[in-house]
Amino acid sequence: MRVLGIETSCDETGVAVYDSRAGLLAHAVHSQVSLHAAFGGVVPELASRDHVRKLLPLLKTVMSQARTEAADLDGVAYTAGPGLIGALLVGAATARSLAWAWDMPAVAVHHMEGHLLAPMLEPEPPEFPFVALLVSGGHTQLVSVAGLGNYQLLGESLDDAAGEAFDKTAKLLGLAYPGGPALAALARAGDPHRFRFPRPMTNRPGLDFSFSGLKTFAINTLRTAGDDDQTRADIAIAFELAVVDTLVLKCRRALQQTGLNRLIIAGGVGANARLRAELDALGARQAARVHYPRPELCTDNGAMIAFAGCQRLLAGEREPAVFRAAPRWSMEELAALG
């Protein structure tokens, strides 16, 4: 089965063609970073308009790179949520219209299921069951994955997600948008012993997260220690270590709680080098296999949507001749696939 995937949940326009036998044939992502940089964050209306401008040209490019015509496709998959409602509607309307015009089925894909399945696109995909750490945009979640569509939420952020905390702390340090990669780069020049930030919610049982207090701790540290280049770098590494240590500790708890020995990490923060190194070390200590998608598939992309959509189409899922977009959507509502 060959599927076209479309992703427009936030500030990246992603398109891909995936074939169930040949694998990922082509994919491309247009980033809106330069568009939103002047505002220090994503402006929903601007994001929606840019998806309208970029989606069809990007689709034509990817179809050409994949050497695929409409007649070669067996279905269209699109991100239906969660995300920015205007951005989601652009992708949903386009995908559903193409499927109708080409007389083929369409399927609505959950954005976080796409991230969760992204490691399946690698040469050595993980086997079920496993624990998934999803650290993407506004989401930080630990999920027990028994099979495709069979997901149990173990814990999630009660306020700011890890990615949001990275961006907000980077902004108060005067770093450019997007803040996460910039903060990680600044942290490399920091002294890891000068400041110690709290590891939130690690001194109590459970698998939930809370990262909003780290931003406040960073503000207070900056005020008392002085605002100079070295202090900002020292705050950056103290913040990064606090987030990484918290995520690693919760992953260890999740593996112990479930008795599983496979862990996958997906989402934008999953590209963080320090997090990957510490999770690899955790895997060695726990005799657990750790899987990641390649860095280019950590951010929002059409490849993960095409893959997830292909699995659901192969299982017989079909959308009616309408489109839907859900800014809020729990993964536990998804149907399990046989």
# chains A, B, ... in the order shown; residues from 1 in each chain; ligands from 1
>>> closest_atom_pairs(of="segment 46-134 of chain A", to="segment 303-315 of chain A", cutoff="12 Å", atoms="only C-alpha atoms", output="tab-separated table")
residue	atom	partner	partner_atom	distance
A:Val62	CA	A:Ala303	CA	10.9
A:Leu73	CA	A:Cys310	CA	10.9
A:Asp74	CA	A:Leu313	CA	8.8
A:Gly75	CA	A:Leu313	CA	7.5
A:Val76	CA	A:Gly309	CA	7.6
A:Ala77	CA	A:Gly309	CA	5.0
A:Tyr78	CA	A:Ile305	CA	6.5
A:Thr79	CA	A:Ile305	CA	6.7
A:Ala80	CA	A:Ile305	CA	10.1
A:Gly81	CA	A:Ile305	CA	11.3
A:Gly91	CA	A:Ile305	CA	11.6
A:Ala95	CA	A:Ala306	CA	11.6
A:Met104	CA	A:Leu313	CA	10.8
A:Pro105	CA	A:Leu313	CA	8.0
A:Ala106	CA	A:Leu313	CA	8.0
A:Val107	CA	A:Gly309	CA	6.1
A:Ala108	CA	A:Gly309	CA	7.3
A:Val109	CA	A:Gly309	CA	6.0
A:His110	CA	A:Ile305	CA	8.2
A:His111	CA	A:Ile305	CA	7.4
A:Met112	CA	A:Ile305	CA	9.6
A:Glu113	CA	A:Ala308	CA	7.1
A:Gly114	CA	A:Met304	CA	4.8
A:His115	CA	A:Met304	CA	6.3
A:Leu116	CA	A:Met304	CA	8.5
A:Leu117	CA	A:Ala308	CA	6.7
A:Ala118	CA	A:Met304	CA	5.1
A:Pro119	CA	A:Met304	CA	8.8
A:Met120	CA	A:Phe307	CA	8.4
A:Leu121	CA	A:Phe307	CA	7.7
A:Glu122	CA	A:Met304	CA	11.1
>>> residues_around(residues="segment 263-270 of chain A", least_positions_apart="4", cutoff="10 Å", atoms="only C-alpha atoms", output="ChimeraX atom specification")
/A:112,114-120,125-126,129-137,139-140,142-145,162-164,166,180-181,244,251-252,254-255,274-276,279-280,283,288-300
>>> closest_residue(among="A:Leu24, A:Ala170, A:Ile85, A:Val52", to="Met1 of chain A", atoms="only C-alpha atoms")
A:Leu24
>>> atom_distance(atom1="atom CA of Leu153 of chain A", atom2="atom CA of Arg204 of chain A")
18.5 Å
>>> residues_around(residues="segment 226-243 of chain A", least_positions_apart="2", cutoff="6 Å", atoms="only C-alpha atoms", output="PyMOL selection string")
chain A and resi 183+186-187+189-192+195-197+199+222-224+245-246
>>> write_last_selection(atoms="all heavy atoms", output="tab-separated table (two decimals), in the first residue's frame")
chain	number	residue	atom	x	y	z
A	183	LEU	N	19.06	26.99	23.59
A	183	LEU	CA	19.42	26.79	24.99
A	183	LEU	C	20.39	25.62	25.12
A	183	LEU	O	21.37	25.69	25.88
A	183	LEU	CB	18.17	26.55	25.83
A	183	LEU	CG	18.39	26.49	27.35
A	183	LEU	CD1	17.19	27.07	28.09
A	183	LEU	CD2	18.65	25.07	27.83
A	186	LEU	N	23.79	26.84	24.13
A	186	LEU	CA	24.38	27.70	25.16
A	186	LEU	C	24.85	26.88	26.34
A	186	LEU	O	25.89	27.19	26.96
A	186	LEU	CB	23.35	28.73	25.61
A	186	LEU	CG	23.79	29.70	26.72
A	186	LEU	CD1	24.97	30.55	26.26
A	186	LEU	CD2	22.62	30.59	27.15
A	187	ALA	N	24.13	25.81	26.68
A	187	ALA	CA	24.48	24.98	27.83
A	187	ALA	C	25.86	24.35	27.70
A	187	ALA	O	26.51	24.07	28.72
A	187	ALA	CB	23.42	23.90	28.02
A	189	ALA	N	28.52	25.73	27.01
A	189	ALA	CA	29.53	26.63	27.57
A	189	ALA	C	29.35	26.84	29.07
A	189	ALA	O	30.09	27.62	29.68
A	189	ALA	CB	29.48	27.98	26.85
A	190	GLY	N	28.37	26.16	29.67
A	190	GLY	CA	28.06	26.39	31.07
A	190	GLY	C	28.83	25.51	32.04
A	190	GLY	O	29.35	24.44	31.67
A	191	ASP	N	28.90	25.97	33.28
A	191	ASP	CA	29.52	25.21	34.37
A	191	ASP	C	28.41	24.40	35.05
A	191	ASP	O	27.53	24.97	35.70
A	191	ASP	CB	30.15	26.17	35.38
A	191	ASP	CG	30.74	25.47	36.58
A	191	ASP	OD1	30.64	24.23	36.67
A	191	ASP	OD2	31.32	26.16	37.45
A	192	PRO	N	28.46	23.06	34.96
A	192	PRO	CA	27.37	22.26	35.52
A	192	PRO	C	27.34	22.22	37.04
A	192	PRO	O	26.38	21.70	37.62
A	192	PRO	CB	27.64	20.86	34.94
A	192	PRO	CG	29.11	20.84	34.69
A	192	PRO	CD	29.48	22.24	34.29
A	195	PHE	N	25.17	26.00	39.56
A	195	PHE	CA	23.79	26.04	40.04
A	195	PHE	C	23.19	24.64	39.99
A	195	PHE	O	23.54	23.82	39.13
A	195	PHE	CB	22.92	26.96	39.17
A	195	PHE	CG	23.41	28.37	39.05
A	195	PHE	CD1	23.76	28.90	37.80
A	195	PHE	CD2	23.54	29.19	40.16
A	195	PHE	CE1	24.21	30.20	37.68
A	195	PHE	CE2	23.99	30.49	40.06
A	195	PHE	CZ	24.34	31.00	38.82
A	196	ARG	N	22.28	24.38	40.91
A	196	ARG	CA	21.51	23.12	40.85
A	196	ARG	C	20.03	23.47	40.92
A	196	ARG	O	19.55	24.03	41.90
A	196	ARG	CB	21.87	22.17	41.99
A	196	ARG	CG	21.02	20.89	41.94
A	196	ARG	CD	21.43	19.86	42.97
A	196	ARG	NE	20.50	18.75	43.00
A	196	ARG	CZ	20.51	17.72	42.14
A	196	ARG	NH1	21.44	17.67	41.20
A	196	ARG	NH2	19.63	16.75	42.23
A	197	PHE	N	19.33	23.13	39.86
A	197	PHE	CA	17.89	23.36	39.80
A	197	PHE	C	17.15	22.14	40.37
A	197	PHE	O	17.66	21.02	40.34
A	197	PHE	CB	17.45	23.57	38.34
A	197	PHE	CG	17.72	24.96	37.82
A	197	PHE	CD1	18.79	25.71	38.26
A	197	PHE	CD2	16.89	25.51	36.85
A	197	PHE	CE1	19.04	26.99	37.78
A	197	PHE	CE2	17.12	26.79	36.35
A	197	PHE	CZ	18.20	27.52	36.82
A	199	ARG	N	14.57	18.99	40.66
A	199	ARG	CA	14.05	17.96	39.75
A	199	ARG	C	12.59	17.76	40.12
A	199	ARG	O	12.27	17.00	41.04
A	199	ARG	CB	14.82	16.65	39.90
A	199	ARG	CG	16.10	16.53	39.10
A	199	ARG	CD	17.13	17.59	39.40
A	199	ARG	NE	18.40	17.34	38.68
A	199	ARG	CZ	19.35	18.25	38.53
A	199	ARG	NH1	19.19	19.49	39.01
A	199	ARG	NH2	20.45	17.95	37.88
A	222	LEU	N	18.70	34.18	37.77
A	222	LEU	CA	19.26	35.24	36.93
A	222	LEU	C	19.27	36.57	37.68
A	222	LEU	O	20.22	37.35	37.58
A	222	LEU	CB	18.46	35.35	35.64
A	222	LEU	CG	19.03	36.22	34.51
A	222	LEU	CD1	20.35	35.64	34.01
A	222	LEU	CD2	18.04	36.33	33.37
A	223	ARG	N	18.22	36.85	38.44
A	223	ARG	CA	18.12	38.10	39.18
A	223	ARG	C	19.17	38.19	40.30
A	223	ARG	O	19.73	39.25	40.56
A	223	ARG	CB	16.73	38.24	39.78
A	223	ARG	CG	15.65	38.58	38.75
A	223	ARG	CD	14.27	38.52	39.40
A	223	ARG	NE	13.23	38.89	38.44
A	223	ARG	CZ	11.93	38.72	38.66
A	223	ARG	NH1	11.51	38.18	39.82
A	223	ARG	NH2	11.05	39.09	37.75
A	224	THR	N	19.43	37.08	40.96
A	224	THR	CA	20.33	37.11	42.10
A	224	THR	C	21.79	36.92	41.71
A	224	THR	O	22.69	37.44	42.39
A	224	THR	CB	19.94	36.02	43.12
A	224	THR	OG1	19.95	34.74	42.47
A	224	THR	CG2	18.55	36.28	43.68
A	245	ASP	N	17.44	14.97	33.79
A	245	ASP	CA	17.42	14.06	34.94
A	245	ASP	C	15.99	13.65	35.29
A	245	ASP	O	15.73	12.49	35.63
A	245	ASP	CB	18.06	14.72	36.16
A	245	ASP	CG	19.58	14.81	36.04
A	245	ASP	OD1	20.14	14.22	35.10
A	245	ASP	OD2	20.20	15.47	36.90
A	246	THR	N	15.06	14.60	35.22
A	246	THR	CA	13.66	14.30	35.53
A	246	THR	C	13.08	13.31	34.52
A	246	THR	O	12.42	12.33	34.91
A	246	THR	CB	12.83	15.59	35.54
A	246	THR	OG1	13.36	16.49	36.53
A	246	THR	CG2	11.37	15.31	35.85
>>> residues_around(residues="Leu35 of chain A", least_positions_apart="3", cutoff="8 Å", atoms="only C-alpha atoms", output="ChimeraX atom specification")
/A:32,38,46
>>> closest_residue(among="A:Ala92, A:Leu337, A:Val248, A:Met63", to="Glu319 of chain A", atoms="only C-alpha atoms")
A:Ala92
>>> select_by_dssp(residues="segment 98-215 of chain A", states="alpha helix (DSSP H)", output="PyMOL selection string")
chain A and resi 98-102+111-117+162-172+179-187+212-215
>>> closest_residue(among="A:Leu260, A:Ala176, A:Leu88, A:Val33", to="Phe128 of chain A", atoms="only C-alpha atoms")
A:Leu260
>>> closest_residue(among="A:Met201, A:Leu207, A:Ala26, A:Leu334", to="Gly147 of chain A", atoms="only C-alpha atoms")
A:Leu334
>>> closest_residue(among="A:Pro198, A:Gly14, A:Pro82, A:Gly174", to="Arg324 of chain A", atoms="only C-alpha atoms")
A:Pro82
>>> select_by_dssp(residues="segment 193-309 of chain A", states="strand (DSSP E)", output="list in words")
Arg262, Leu263, Ile264, Ile265, Ala266, Arg289, Val290 and His291 of chain A
>>> atom_distance(atom1="atom CA of Gly86 of chain A", atom2="atom CA of Leu55 of chain A")
13.9 Å
>>> atom_distance(atom1="atom CA of Glu127 of chain A", atom2="atom CA of Asn261 of chain A")
10.5 Å
>>> residues_around(residues="His51 of chain A", least_positions_apart="5", cutoff="7 Å", atoms="only C-alpha atoms", output="number ranges by chain")
A: 8, 13, 87, 90
>>> closest_residue(among="A:Gly138, A:Gly40, A:Pro123, A:Gly149", to="Glu332 of chain A", atoms="only C-alpha atoms")
A:Gly149
>>> residues_around(residues="Ala66 of chain A", least_positions_apart="3", cutoff="12 Å", atoms="only C-alpha atoms", output="PDB file with N, CA and C atoms, in the first residue's frame")
ATOM      1  N   ARG A   2       0.510   2.232  -0.824  1.00  0.00           N
ATOM      2  CA  ARG A   2       1.269   3.485  -0.917  1.00  0.00           C
ATOM      3  C   ARG A   2       0.363   4.633  -0.444  1.00  0.00           C
ATOM      4  N   VAL A   3       0.883   5.433   0.501  1.00  0.00           N
ATOM      5  CA  VAL A   3       0.065   6.442   1.168  1.00  0.00           C
ATOM      6  C   VAL A   3       0.759   7.795   1.134  1.00  0.00           C
ATOM      7  N   LEU A   4      -0.032   8.824   0.872  1.00  0.00           N
ATOM      8  CA  LEU A   4       0.422  10.204   0.976  1.00  0.00           C
ATOM      9  C   LEU A   4       0.109  10.700   2.381  1.00  0.00           C
ATOM     10  N   VAL A  15       5.048  16.802   4.207  1.00  0.00           N
ATOM     11  CA  VAL A  15       4.419  15.920   3.217  1.00  0.00           C
ATOM     12  C   VAL A  15       5.358  14.733   2.987  1.00  0.00           C
ATOM     13  N   ALA A  16       4.797  13.543   2.822  1.00  0.00           N
ATOM     14  CA  ALA A  16       5.606  12.345   2.578  1.00  0.00           C
ATOM     15  C   ALA A  16       4.812  11.327   1.791  1.00  0.00           C
ATOM     16  N   VAL A  17       5.537  10.438   1.155  1.00  0.00           N
ATOM     17  CA  VAL A  17       4.940   9.267   0.510  1.00  0.00           C
ATOM     18  C   VAL A  17       5.604   8.035   1.108  1.00  0.00           C
ATOM     19  N   TYR A  18       4.775   7.142   1.663  1.00  0.00           N
ATOM     20  CA  TYR A  18       5.280   5.920   2.288  1.00  0.00           C
ATOM     21  C   TYR A  18       4.664   4.709   1.600  1.00  0.00           C
ATOM     22  N   ASP A  19       5.491   3.711   1.351  1.00  0.00           N
ATOM     23  CA  ASP A  19       5.045   2.475   0.727  1.00  0.00           C
ATOM     24  C   ASP A  19       5.266   1.325   1.711  1.00  0.00           C
ATOM     25  N   ALA A  22       8.179  -0.816   0.117  1.00  0.00           N
ATOM     26  CA  ALA A  22       9.450  -0.152  -0.222  1.00  0.00           C
ATOM     27  C   ALA A  22       9.915   0.820   0.852  1.00  0.00           C
ATOM     28  N   GLY A  23       9.044   1.146   1.812  1.00  0.00           N
ATOM     29  CA  GLY A  23       9.425   2.083   2.869  1.00  0.00           C
ATOM     30  C   GLY A  23       9.151   3.529   2.496  1.00  0.00           C
ATOM     31  N   LEU A  24       9.873   4.434   3.134  1.00  0.00           N
ATOM     32  CA  LEU A  24       9.691   5.870   2.906  1.00  0.00           C
ATOM     33  C   LEU A  24      10.303   6.250   1.564  1.00  0.00           C
ATOM     34  N   LEU A  25       9.466   6.713   0.644  1.00  0.00           N
ATOM     35  CA  LEU A  25       9.942   7.032  -0.710  1.00  0.00           C
ATOM     36  C   LEU A  25      10.439   8.466  -0.806  1.00  0.00           C
ATOM     37  N   ALA A  26       9.798   9.388  -0.112  1.00  0.00           N
ATOM     38  CA  ALA A  26      10.218  10.797  -0.141  1.00  0.00           C
ATOM     39  C   ALA A  26       9.479  11.538   0.958  1.00  0.00           C
ATOM     40  N   HIS A  27      10.133  12.554   1.497  1.00  0.00           N
ATOM     41  CA  HIS A  27       9.437  13.430   2.443  1.00  0.00           C
ATOM     42  C   HIS A  27      10.140  14.779   2.459  1.00  0.00           C
ATOM     43  N   ALA A  28       9.394  15.807   2.820  1.00  0.00           N
ATOM     44  CA  ALA A  28       9.944  17.161   2.902  1.00  0.00           C
ATOM     45  C   ALA A  28       9.160  17.934   3.950  1.00  0.00           C
ATOM     46  N   LEU A  59       3.649  19.396  -1.799  1.00  0.00           N
ATOM     47  CA  LEU A  59       3.073  18.115  -2.194  1.00  0.00           C
ATOM     48  C   LEU A  59       3.534  17.713  -3.593  1.00  0.00           C
ATOM     49  N   LYS A  60       3.518  18.658  -4.510  1.00  0.00           N
ATOM     50  CA  LYS A  60       3.960  18.360  -5.877  1.00  0.00           C
ATOM     51  C   LYS A  60       5.433  17.951  -5.897  1.00  0.00           C
ATOM     52  N   THR A  61       6.253  18.636  -5.105  1.00  0.00           N
ATOM     53  CA  THR A  61       7.677  18.311  -5.043  1.00  0.00           C
ATOM     54  C   THR A  61       7.901  16.904  -4.516  1.00  0.00           C
ATOM     55  N   VAL A  62       7.219  16.550  -3.425  1.00  0.00           N
ATOM     56  CA  VAL A  62       7.409  15.230  -2.816  1.00  0.00           C
ATOM     57  C   VAL A  62       6.893  14.126  -3.732  1.00  0.00           C
ATOM     58  N   MET A  63       5.757  14.339  -4.369  1.00  0.00           N
ATOM     59  CA  MET A  63       5.235  13.336  -5.301  1.00  0.00           C
ATOM     60  C   MET A  63       6.214  13.104  -6.448  1.00  0.00           C
ATOM     61  N   GLU A  69       2.505   9.084  -9.021  1.00  0.00           N
ATOM     62  CA  GLU A  69       1.342   9.800  -9.532  1.00  0.00           C
ATOM     63  C   GLU A  69       0.147   9.484  -8.640  1.00  0.00           C
ATOM     64  N   ALA A  70      -0.904  10.256  -8.802  1.00  0.00           N
ATOM     65  CA  ALA A  70      -2.095  10.016  -8.003  1.00  0.00           C
ATOM     66  C   ALA A  70      -2.600   8.581  -8.166  1.00  0.00           C
ATOM     67  N   ASP A  72      -0.973   5.977  -8.456  1.00  0.00           N
ATOM     68  CA  ASP A  72      -0.134   5.015  -7.729  1.00  0.00           C
ATOM     69  C   ASP A  72      -0.478   4.946  -6.241  1.00  0.00           C
ATOM     70  N   LEU A  73      -1.246   5.917  -5.770  1.00  0.00           N
ATOM     71  CA  LEU A  73      -1.565   5.977  -4.343  1.00  0.00           C
ATOM     72  C   LEU A  73      -2.773   5.100  -4.000  1.00  0.00           C
TER      73      LEU A  73
END
